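Student: Below is the file data37.cif, which contains mmCIF, C-alpha atoms.
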data_coords
#
loop_
_atom_site.label_atom_id
_atom_site.label_comp_id
_atom_site.auth_asym_id
_atom_site.auth_seq_id
_atom_site.Cartn_x
_atom_site.Cartn_y
_atom_site.Cartn_z
CA MET A 33 -75.51 32.70 -53.76
CA LYS A 34 -74.05 36.03 -54.77
CA HIS A 35 -70.29 36.56 -54.76
CA PHE A 36 -68.87 39.82 -53.53
CA ILE A 37 -65.49 41.38 -54.19
CA ILE A 38 -64.08 44.57 -52.76
CA LEU A 39 -62.85 46.84 -55.52
CA LEU A 40 -60.45 49.60 -54.61
CA VAL A 41 -61.16 53.07 -55.93
CA LEU A 42 -59.86 53.53 -59.45
CA GLY A 43 -57.48 56.41 -59.81
CA ALA A 44 -55.53 57.94 -62.61
CA ILE A 45 -52.41 56.02 -63.60
CA PRO A 46 -49.29 58.20 -63.46
CA ALA A 47 -47.58 58.83 -66.77
CA TRP A 48 -44.42 57.07 -65.62
CA ALA A 49 -46.45 53.99 -64.64
CA GLN A 50 -48.00 53.83 -68.11
CA GLN A 51 -44.49 53.53 -69.52
CA ALA A 52 -43.60 50.53 -67.35
CA LYS A 53 -42.77 47.47 -69.42
CA ILE A 54 -43.87 43.95 -68.54
CA VAL A 55 -40.72 41.82 -68.63
CA ARG A 56 -42.18 38.59 -67.20
CA GLY A 57 -45.66 37.18 -67.41
CA PRO A 58 -48.49 37.48 -66.95
CA TYR A 59 -48.92 33.99 -65.48
CA LEU A 60 -51.64 32.21 -63.50
CA GLN A 61 -51.31 30.85 -59.97
CA ASN A 62 -53.44 29.19 -57.33
CA PHE A 63 -56.69 29.17 -59.28
CA THR A 64 -59.88 27.59 -58.01
CA SER A 65 -63.47 27.61 -59.25
CA THR A 66 -64.03 31.10 -57.79
CA SER A 67 -60.67 32.90 -57.54
CA GLY A 68 -57.02 32.99 -58.53
CA VAL A 69 -53.79 34.98 -58.66
CA ILE A 70 -52.32 36.78 -61.66
CA ARG A 71 -48.62 37.60 -61.47
CA TRP A 72 -46.22 39.62 -63.63
CA ARG A 73 -42.97 41.57 -63.43
CA THR A 74 -42.25 45.11 -64.65
CA ASP A 75 -38.92 46.77 -65.40
CA VAL A 76 -39.65 49.68 -63.02
CA PRO A 77 -41.79 49.87 -59.85
CA THR A 78 -45.43 50.65 -60.50
CA ASP A 79 -48.86 50.02 -59.03
CA SER A 80 -50.83 46.87 -59.92
CA ARG A 81 -54.14 46.89 -61.75
CA VAL A 82 -56.03 44.02 -63.38
CA TYR A 83 -59.24 44.33 -65.39
CA TYR A 84 -61.23 41.15 -65.95
CA GLY A 85 -64.56 39.91 -67.22
CA LYS A 86 -66.30 37.45 -69.50
CA GLU A 87 -66.89 40.13 -72.14
CA LEU A 88 -63.81 42.29 -71.70
CA PRO A 89 -63.63 45.24 -72.28
CA ARG A 90 -67.41 45.39 -71.64
CA ASN A 91 -68.72 44.81 -68.12
CA ALA A 92 -65.21 44.82 -66.68
CA LYS A 93 -64.35 44.49 -63.02
CA SER A 94 -61.08 45.74 -61.62
CA VAL A 95 -58.66 45.14 -58.77
CA HIS A 96 -56.08 47.78 -57.91
CA ASP A 97 -53.13 47.73 -55.52
CA ALA A 98 -51.50 51.13 -55.10
CA ARG A 99 -48.23 49.81 -53.72
CA LEU A 100 -45.26 50.35 -56.04
CA THR A 101 -43.42 47.15 -56.97
CA THR A 102 -41.81 45.29 -59.84
CA GLU A 103 -43.25 41.95 -58.65
CA HIS A 104 -47.00 42.13 -59.11
CA GLU A 105 -49.38 39.65 -57.49
CA VAL A 106 -53.10 40.36 -57.78
CA LYS A 107 -55.93 38.12 -56.62
CA ILE A 108 -59.19 38.21 -58.53
CA SER A 109 -62.25 36.66 -56.90
CA GLY A 110 -66.01 36.45 -57.09
CA LEU A 111 -65.68 34.26 -60.20
CA GLN A 112 -68.05 31.56 -61.39
CA ALA A 113 -66.98 27.94 -61.79
CA ASN A 114 -66.04 26.55 -65.19
CA GLN A 115 -66.21 29.93 -66.94
CA THR A 116 -63.72 31.75 -69.17
CA TYR A 117 -62.61 35.21 -68.09
CA PHE A 118 -60.40 37.57 -70.07
CA TYR A 119 -58.04 39.85 -68.22
CA SER A 120 -55.75 42.78 -68.97
CA ILE A 121 -53.07 44.64 -67.04
CA ALA A 122 -53.11 48.44 -66.56
CA LYS A 123 -55.19 49.05 -69.71
CA LEU A 124 -58.86 48.16 -70.24
CA GLU A 125 -58.57 46.08 -73.38
CA LYS A 126 -59.03 42.52 -74.63
CA VAL A 127 -55.80 40.59 -75.23
CA SER A 128 -56.49 37.40 -77.18
CA ASN A 129 -54.19 35.05 -75.23
CA GLN A 130 -54.83 36.55 -71.76
CA PHE A 131 -57.68 34.49 -70.36
CA VAL A 132 -58.35 31.91 -67.69
CA LYS A 133 -60.96 29.19 -67.43
CA THR A 134 -61.90 28.71 -63.80
CA LEU A 135 -61.91 25.20 -62.39
CA PRO A 136 -65.07 23.10 -62.28
CA LYS A 137 -66.95 22.85 -59.00
CA PRO A 138 -65.25 20.49 -56.50
CA GLY A 139 -66.41 16.94 -57.10
CA SER A 140 -67.53 17.63 -60.66
CA GLN A 141 -67.35 14.66 -63.03
CA GLN A 142 -66.48 16.76 -66.07
CA ALA A 143 -63.40 16.05 -68.14
CA ILE A 144 -60.10 17.72 -67.21
CA ARG A 145 -56.69 17.68 -68.89
CA ILE A 146 -53.34 17.76 -67.06
CA TRP A 147 -49.90 18.40 -68.53
CA ALA A 148 -47.00 17.03 -66.44
CA LEU A 149 -43.51 18.24 -67.34
CA GLY A 150 -40.21 17.49 -65.64
CA ASP A 151 -36.53 18.51 -65.87
CA PHE A 152 -37.24 20.94 -68.67
CA GLY A 153 -35.71 24.42 -68.25
CA THR A 154 -32.53 23.91 -70.24
CA GLY A 155 -32.96 26.07 -73.33
CA SER A 156 -32.20 22.94 -75.37
CA LYS A 157 -33.61 21.95 -78.73
CA ASN A 158 -35.36 19.05 -77.01
CA GLN A 159 -37.18 21.48 -74.68
CA LEU A 160 -38.47 23.47 -77.66
CA LEU A 161 -39.58 20.34 -79.50
CA VAL A 162 -41.41 19.00 -76.44
CA ARG A 163 -43.13 22.38 -76.02
CA ASP A 164 -44.20 22.55 -79.65
CA ALA A 165 -45.49 18.96 -79.60
CA VAL A 166 -47.78 19.79 -76.66
CA LYS A 167 -48.85 23.08 -78.25
CA ASP A 168 -50.11 21.18 -81.30
CA PHE A 169 -51.60 18.31 -79.30
CA VAL A 170 -53.84 20.46 -77.07
CA LYS A 171 -55.29 22.77 -79.73
CA GLU A 172 -58.72 21.12 -79.63
CA LYS A 173 -58.72 20.35 -75.89
CA PRO A 174 -56.77 22.83 -73.73
CA ILE A 175 -54.92 22.15 -70.50
CA ASP A 176 -56.70 22.62 -67.16
CA ALA A 177 -53.56 22.34 -65.03
CA TRP A 178 -49.84 22.40 -65.74
CA ILE A 179 -47.79 20.36 -63.27
CA TRP A 180 -44.03 20.79 -62.91
CA LEU A 181 -42.01 17.86 -61.60
CA GLY A 182 -38.91 19.80 -60.53
CA ASP A 183 -35.54 20.84 -61.94
CA ASN A 184 -37.48 23.58 -63.65
CA ALA A 185 -34.55 25.92 -64.43
CA TYR A 186 -31.02 24.71 -65.12
CA GLY A 187 -28.40 24.62 -63.89
CA SER A 188 -29.00 26.27 -60.46
CA GLY A 189 -32.59 27.50 -60.35
CA LYS A 190 -31.49 31.14 -60.43
CA ASP A 191 -33.92 33.86 -61.37
CA VAL A 192 -32.05 34.66 -64.56
CA GLU A 193 -32.28 30.98 -65.54
CA TYR A 194 -36.01 30.95 -64.87
CA GLN A 195 -36.33 34.01 -67.06
CA LYS A 196 -34.30 32.70 -69.99
CA ASN A 197 -35.09 28.97 -69.92
CA VAL A 198 -38.65 28.99 -68.61
CA PHE A 199 -40.60 32.24 -68.82
CA GLU A 200 -39.33 33.34 -72.22
CA ILE A 201 -39.81 29.87 -73.70
CA TYR A 202 -43.39 29.25 -72.55
CA GLN A 203 -44.69 32.82 -72.29
CA GLU A 204 -46.41 33.21 -75.63
CA ASP A 205 -48.24 29.89 -75.72
CA PHE A 206 -48.85 28.77 -72.14
CA PHE A 207 -48.21 31.16 -69.24
CA PRO A 208 -50.98 33.72 -69.96
CA ASN A 209 -53.76 31.11 -69.99
CA THR A 210 -52.52 27.89 -68.34
CA LYS A 211 -52.95 27.36 -64.60
CA LEU A 212 -49.61 26.33 -63.08
CA TRP A 213 -48.87 24.10 -60.06
CA PRO A 214 -45.07 23.84 -59.61
CA ASN A 215 -42.83 21.48 -57.65
CA PRO A 216 -39.10 22.00 -56.96
CA GLY A 217 -36.15 19.76 -57.81
CA ASN A 218 -32.59 19.56 -56.56
CA HIS A 219 -31.35 21.99 -59.21
CA ASP A 220 -33.92 24.56 -58.08
CA TYR A 221 -32.32 24.42 -54.63
CA LYS A 222 -28.82 25.32 -55.86
CA ASP A 223 -29.82 28.97 -56.14
CA ASN A 224 -29.38 29.85 -52.45
CA PRO A 225 -28.46 27.95 -49.26
CA ASP A 226 -31.38 29.68 -47.56
CA SER A 227 -34.46 28.00 -49.01
CA LYS A 228 -36.62 31.01 -48.15
CA LYS A 229 -34.59 33.07 -50.63
CA LEU A 230 -34.80 30.65 -53.54
CA ALA A 231 -36.01 32.08 -56.84
CA TYR A 232 -38.53 29.22 -56.87
CA TYR A 233 -40.34 30.61 -53.84
CA GLN A 234 -40.01 34.21 -55.00
CA ASN A 235 -41.54 33.42 -58.38
CA PHE A 236 -44.57 31.29 -57.51
CA THR A 237 -47.66 31.38 -55.32
CA MET A 238 -48.79 28.07 -53.82
CA PRO A 239 -51.93 27.26 -51.77
CA MET A 240 -50.52 26.86 -48.27
CA ASN A 241 -53.80 27.42 -46.41
CA GLY A 242 -56.00 24.80 -48.04
CA GLU A 243 -57.71 27.43 -50.16
CA ALA A 244 -57.58 25.26 -53.29
CA GLY A 245 -58.88 22.12 -51.58
CA GLY A 246 -57.00 19.61 -49.50
CA LEU A 247 -55.50 20.13 -46.07
CA LYS A 248 -53.70 23.27 -44.97
CA SER A 249 -49.92 22.73 -45.02
CA GLY A 250 -48.86 26.11 -43.65
CA THR A 251 -45.98 26.24 -46.14
CA GLU A 252 -45.44 26.70 -49.87
CA ALA A 253 -42.90 23.86 -49.81
CA TYR A 254 -45.68 21.28 -50.15
CA TYR A 255 -49.40 21.61 -50.72
CA SER A 256 -52.52 20.00 -52.16
CA PHE A 257 -55.40 21.09 -54.36
CA ASN A 258 -58.51 19.73 -56.06
CA ILE A 259 -59.67 19.90 -59.65
CA GLY A 260 -63.10 18.40 -60.26
CA ASN A 261 -63.00 14.88 -58.85
CA VAL A 262 -59.19 14.67 -58.64
CA HIS A 263 -57.08 15.35 -55.55
CA PHE A 264 -53.48 16.45 -56.25
CA VAL A 265 -50.64 16.49 -53.74
CA SER A 266 -47.33 18.27 -54.41
CA VAL A 267 -44.72 16.73 -52.10
CA ASN A 268 -41.27 18.25 -51.58
CA SER A 269 -38.45 15.71 -51.86
CA GLU A 270 -35.71 18.34 -51.48
CA GLU A 271 -36.34 20.45 -48.39
CA THR A 272 -35.90 19.95 -44.66
CA SER A 273 -38.92 21.02 -42.62
CA GLU A 274 -38.85 23.18 -39.51
CA ASP A 275 -38.62 20.07 -37.31
CA GLY A 276 -35.38 19.06 -39.05
CA THR A 277 -36.93 16.19 -40.98
CA SER A 278 -37.45 15.63 -44.70
CA ILE A 279 -40.03 13.68 -46.64
CA VAL A 280 -38.06 10.45 -46.15
CA ASP A 281 -38.76 10.65 -42.41
CA SER A 282 -42.14 8.93 -42.21
CA THR A 283 -42.83 10.40 -38.76
CA GLY A 284 -41.65 13.89 -39.70
CA GLN A 285 -43.63 17.06 -40.28
CA GLN A 286 -44.21 16.74 -44.02
CA ALA A 287 -44.95 13.01 -43.95
CA GLN A 288 -47.44 13.49 -41.12
CA TRP A 289 -49.18 16.23 -43.11
CA LEU A 290 -49.22 13.91 -46.15
CA LYS A 291 -50.94 11.18 -44.13
CA ARG A 292 -53.57 13.58 -42.79
CA ASP A 293 -54.19 15.11 -46.20
CA LEU A 294 -54.63 11.75 -47.93
CA ALA A 295 -56.84 10.49 -45.12
CA ALA A 296 -59.10 13.56 -45.40
CA ASN A 297 -59.51 13.29 -49.17
CA LYS A 298 -62.94 12.14 -50.33
CA LEU A 299 -62.44 12.47 -54.09
CA PRO A 300 -62.15 9.27 -56.18
CA TRP A 301 -58.84 10.08 -57.91
CA THR A 302 -55.53 10.86 -56.20
CA ILE A 303 -52.33 11.96 -57.95
CA VAL A 304 -49.17 12.64 -55.94
CA TYR A 305 -46.13 14.26 -57.50
CA PHE A 306 -42.58 15.12 -56.40
CA HIS A 307 -39.11 15.25 -57.89
CA GLU A 308 -37.09 12.18 -56.81
CA PRO A 309 -38.75 8.90 -57.82
CA PRO A 310 -38.84 5.66 -55.81
CA TYR A 311 -38.41 3.56 -58.97
CA SER A 312 -36.03 4.43 -61.81
CA LYS A 313 -33.24 2.98 -63.91
CA GLY A 314 -32.77 6.08 -66.03
CA SER A 315 -30.01 8.63 -65.44
CA HIS A 316 -30.48 7.92 -61.71
CA ASP A 317 -30.58 4.48 -60.10
CA THR A 318 -33.05 4.03 -57.25
CA ASP A 319 -31.15 0.93 -56.11
CA THR A 320 -27.98 2.88 -55.33
CA ASP A 321 -29.26 6.39 -54.52
CA GLU A 322 -29.77 6.69 -50.76
CA GLU A 323 -32.48 9.36 -50.84
CA MET A 324 -34.58 7.65 -53.50
CA THR A 325 -34.22 4.35 -51.65
CA LYS A 326 -35.60 6.04 -48.53
CA VAL A 327 -38.50 7.47 -50.53
CA ARG A 328 -39.36 3.95 -51.63
CA GLN A 329 -39.00 2.46 -48.15
CA GLN A 330 -40.63 5.22 -46.10
CA ILE A 331 -43.11 7.05 -48.35
CA VAL A 332 -44.39 4.37 -50.74
CA PRO A 333 -46.17 2.55 -47.86
CA ILE A 334 -48.06 5.78 -47.10
CA LEU A 335 -49.10 6.17 -50.73
CA GLU A 336 -50.26 2.55 -50.87
CA ARG A 337 -52.19 2.84 -47.61
CA TYR A 338 -54.34 5.62 -49.05
CA ARG A 339 -54.79 4.01 -52.48
CA VAL A 340 -53.00 6.67 -54.52
CA ASP A 341 -53.64 6.09 -58.23
CA LEU A 342 -50.62 7.77 -59.83
CA VAL A 343 -47.25 8.96 -58.55
CA LEU A 344 -45.38 11.31 -60.89
CA ALA A 345 -41.70 12.28 -60.61
CA GLY A 346 -38.76 13.62 -62.57
CA HIS A 347 -35.02 13.64 -61.69
CA SER A 348 -34.12 10.78 -64.04
CA HIS A 349 -34.00 12.14 -67.58
CA SER A 350 -36.22 9.42 -68.94
CA TYR A 351 -39.79 8.29 -69.31
CA GLU A 352 -40.56 5.22 -67.21
CA ARG A 353 -44.02 3.85 -66.36
CA THR A 354 -44.53 0.88 -64.07
CA VAL A 355 -47.40 -1.54 -64.01
CA PRO A 356 -49.72 -1.09 -60.99
CA ILE A 357 -47.56 -2.31 -58.11
CA ARG A 358 -47.87 -2.73 -54.36
CA GLY A 359 -45.54 -3.90 -51.58
CA HIS A 360 -42.34 -3.66 -53.63
CA LEU A 361 -39.99 -1.88 -51.23
CA GLY A 362 -36.77 -3.67 -52.12
CA GLN A 363 -34.35 -3.30 -54.99
CA ASN A 364 -35.20 -3.87 -58.62
CA GLU A 365 -34.08 -7.50 -58.67
CA SER A 366 -36.51 -8.36 -55.87
CA PHE A 367 -39.52 -7.42 -57.99
CA ASP A 368 -41.82 -10.39 -58.48
CA PRO A 369 -44.90 -9.85 -60.67
CA ASN A 370 -46.68 -12.68 -58.86
CA LYS A 371 -46.27 -10.82 -55.55
CA HIS A 372 -46.14 -7.14 -56.48
CA VAL A 373 -48.51 -6.56 -59.41
CA PHE A 374 -52.04 -5.65 -58.33
CA ALA A 375 -54.10 -5.00 -61.42
CA LYS A 376 -57.09 -6.23 -63.34
CA GLU A 377 -55.93 -5.76 -66.91
CA ILE A 378 -58.78 -5.81 -69.42
CA LYS A 379 -56.25 -5.47 -72.23
CA PRO A 380 -52.54 -4.54 -72.25
CA ASN A 381 -51.94 -1.26 -70.36
CA HIS A 382 -55.63 -0.76 -69.55
CA TYR A 383 -56.63 -1.45 -65.95
CA VAL A 384 -59.77 -1.69 -63.84
CA VAL A 385 -59.64 -0.75 -60.16
CA ASP A 386 -61.86 -2.74 -57.84
CA LYS A 387 -62.53 -1.08 -54.48
CA SER A 388 -62.93 -4.45 -52.83
CA SER A 389 -59.34 -5.52 -53.52
CA ALA A 390 -55.86 -4.11 -52.94
CA GLN A 391 -54.97 -1.40 -55.44
CA GLY A 392 -51.65 -1.13 -57.20
CA THR A 393 -50.11 2.29 -57.85
CA ILE A 394 -48.63 3.31 -61.19
CA TYR A 395 -45.32 5.18 -60.85
CA ILE A 396 -44.20 7.43 -63.69
CA VAL A 397 -40.91 9.23 -64.26
CA ALA A 398 -41.36 12.04 -66.79
CA GLY A 399 -38.02 13.80 -66.62
CA SER A 400 -37.15 14.42 -70.25
CA GLY A 401 -39.01 17.67 -70.91
CA GLY A 402 -35.71 19.40 -71.66
CA GLN A 403 -32.92 17.18 -70.44
CA LEU A 404 -31.98 13.92 -72.10
CA GLY A 405 -29.91 11.34 -70.23
CA LYS A 406 -28.38 7.93 -70.21
CA SER A 407 -29.77 4.78 -68.67
CA GLN A 408 -28.41 2.32 -66.14
CA PRO A 409 -27.01 -1.03 -67.33
CA SER A 410 -30.06 -2.76 -65.83
CA PHE A 411 -32.55 -0.46 -67.62
CA PRO A 412 -35.51 -0.86 -67.81
CA LEU A 413 -37.07 -1.60 -64.43
CA LYS A 414 -38.43 -5.12 -64.00
CA SER A 415 -41.72 -3.46 -63.08
CA SER A 416 -41.71 -1.35 -66.25
CA ALA A 417 -44.64 -1.33 -68.64
CA PHE A 418 -42.95 1.20 -70.95
CA SER A 419 -39.61 3.02 -70.72
CA THR A 420 -37.38 5.08 -73.00
CA VAL A 421 -34.36 7.36 -72.78
CA ALA A 422 -34.02 7.72 -76.54
CA LEU A 423 -36.50 10.57 -76.88
CA GLY A 424 -37.71 13.54 -74.87
CA GLY A 425 -41.34 14.16 -74.07
CA SER A 426 -44.01 14.92 -71.50
CA LEU A 427 -47.18 13.42 -70.06
CA ILE A 428 -50.80 14.27 -70.84
CA LEU A 429 -53.52 13.00 -68.49
CA ASP A 430 -57.21 13.12 -69.40
CA ILE A 431 -59.64 12.36 -66.59
CA ALA A 432 -63.41 12.20 -67.02
CA GLY A 433 -65.68 10.70 -64.40
CA LYS A 434 -64.37 7.27 -63.52
CA LYS A 435 -61.80 6.96 -66.32
CA LEU A 436 -58.22 8.22 -66.54
CA VAL A 437 -56.21 8.08 -69.77
CA GLY A 438 -52.49 8.79 -69.84
CA LYS A 439 -50.42 9.50 -72.95
CA TRP A 440 -46.72 10.13 -73.20
CA LEU A 441 -46.21 12.58 -76.05
CA GLY A 442 -42.72 12.50 -77.56
CA SER A 443 -40.79 15.46 -78.87
CA ASP A 444 -41.62 14.16 -82.35
CA GLY A 445 -45.31 14.86 -81.74
CA LYS A 446 -46.26 11.17 -81.55
CA VAL A 447 -47.88 9.29 -78.68
CA HIS A 448 -45.43 6.54 -77.73
CA ASP A 449 -47.15 5.21 -74.62
CA ALA A 450 -50.81 5.09 -73.61
CA PHE A 451 -52.56 3.56 -70.63
CA SER A 452 -55.86 3.87 -68.81
CA ILE A 453 -57.49 3.24 -65.44
CA GLN A 454 -61.20 2.58 -65.08
CA LYS A 455 -62.95 2.74 -61.68
#
Would you mind writing the file's structure down as structure tokens?
Tutor:
Amino acid sequence: MKHFIILLVLGAIPAWAQQAKIVRGPYLQNFTSTSGVIRWRTDVPTDSRVYYGKELPRNAKSVHDARLTTEHEVKISGLQANQTYFYSIAKLEKVSNQFVKTLPKPGSQQAIRIWALGDFGTGSKNQLLVRDAVKDFVKEKPIDAWIWLGDNAYGSGKDVEYQKNVFEIYQEDFFPNTKLWPNPGNHDYKDNPDSKKLAYYQNFTMPMNGEAGGLKSGTEAYYSFNIGNVHFVSVNSEETSEDGTSIVDSTGQQAQWLKRDLAANKLPWTIVYFHEPPYSKGSHDTDTDEEMTKVRQQIVPILERYRVDLVLAGHSHSYERTVPIRGHLGQNESFDPNKHVFAKEIKPNHYVVDKSSAQGTIYIVAGSGGQLGKSQPSFPLKSSAFSTVALGGSLILDIAGKKLVGKWLGSDGKVHDAFSIQK
């Protein structure tokens, strides 16, 4: 089937526009197997033009938006699945690090790599070390999706903090060629009392209409998308919906959407991510924090009902991974491995999921991508398989067919925790 794209008439670029300087980006948003959005910021208003193609500058296609703006957002479409396209802005040229590999066809069994990073935008030495460790680790096998777990820009999620502690730090190595799927944290909401005016929402483009797979949410606050045979759900633990409820209201707007989305999913793998975890003894204590307790009591049963494989969160400045658990809605001391662990363990930290039996969910806190914190006196969790607050790091997930492998990569460049799930 042929793909068609409407190309606007190319016109001469005014001299003043040619002098515009890119001060943020480019960066990649909302990509699928056939389309995606390229964003960037200029220092003065100008029109928006993107050239793209597999052999750039030869056989180039172009999209042009004549509106003058400093915040540029251009959708390219008519792409082929699992192909690499180079792109350039304003000038027809090949820029070595400006490329995007489109996603595989929905349902594809091919291998994909995910980078999950939480609580990172601090400008700290730890943030730089975590970044550099990942840069070296993925040289031979690049990242297919970059997931943020919230508290992306400290301390208040302001645009200037995003610029200094996020865009400038990751621009050279990741933003021009790594597809990003963000999630907000409590610090991202300190920017403005009106959530619609938050820098987070101004800076990013999320799939609110189901265009990337999953169910239409109608809002950028929470959304879902598919990559190959994996269904991802970005849940918002910080915002109140239009009906006055939040995610901890299991009958509220967002929770009802979550139930419908998970019920509609037909892909074999499901990963849900949000900021505030249901299980942690790091810098935050899920036994004493009211909101995180409600997440555990109200949302965990939904995740279990639909056999979610992994739940990723930040907030606590730690790395904490539980064993596969189910039905543990009480406080840490109530955890009983004889009652709450649901796993066939072929060897330590390597699990087999049997469709015929109840499935445990692995919960991971990966909130030390920039921040480092203390731990609670009762650290680690009784359900913990591996936990540390001594070192920063981030999570790499490799999924191919019916196997998922997770590795926590420390800021020292070493893998300190590894686990797998086989279906």
Student: With a distance cut-off of 7 Å and only C-alpha atoms, select the neighbouring residues of Asp449 (chain A), excluding the residue or stretch itself and same-chain residues fewer than 4 positions from it, and output the selection as a list in words.
Tutor: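 The contact residues come out as Phe418, Lys439 and Trp440 of chain A.
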Student: I'd like the contact shell of Lys86 (chain A) - 12 Å cut-off, all atoms listed in the file, skipping same-chain residues fewer than 3 positions apart - returned as a list in words.
Tutor: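 So, after excluding close chain neighbours, the residues are Tyr83, Pro89, Arg90, Asn91, Ala92, Lys93, Leu111, Gln112, Asn114, Gln115, Thr116, Tyr117, Phe118, Tyr119, Ser120, Lys126, Gln130, Phe131, Val132, Lys133 and Thr134 of chain A.
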Student: Give me, as a PyMOL selection string, all polymer residues having an atom no more than 6 Å from Arg353 (chain A), counting only C-alpha atoms and skipping those fewer than 4 positions away in the same chain.
Tutor: chain A and resi 395-396+416-418
Student: Once the PyMOL selection byres ((chain A and resi 58) around 7) is applied to the coordinates I shared, what remains selected? I want it as a ChimeraX atom specification.
Tutor: /A:56-57,59,70-72,207-208
Student: The PyMOL selection byres ((chain A and resi 196-201) around 7) - which residues does that actually catch in the file I just gave you? List them as a PyMOL selection string.
Tutor: chain A and resi 56+153-155+185+192-195+202-203
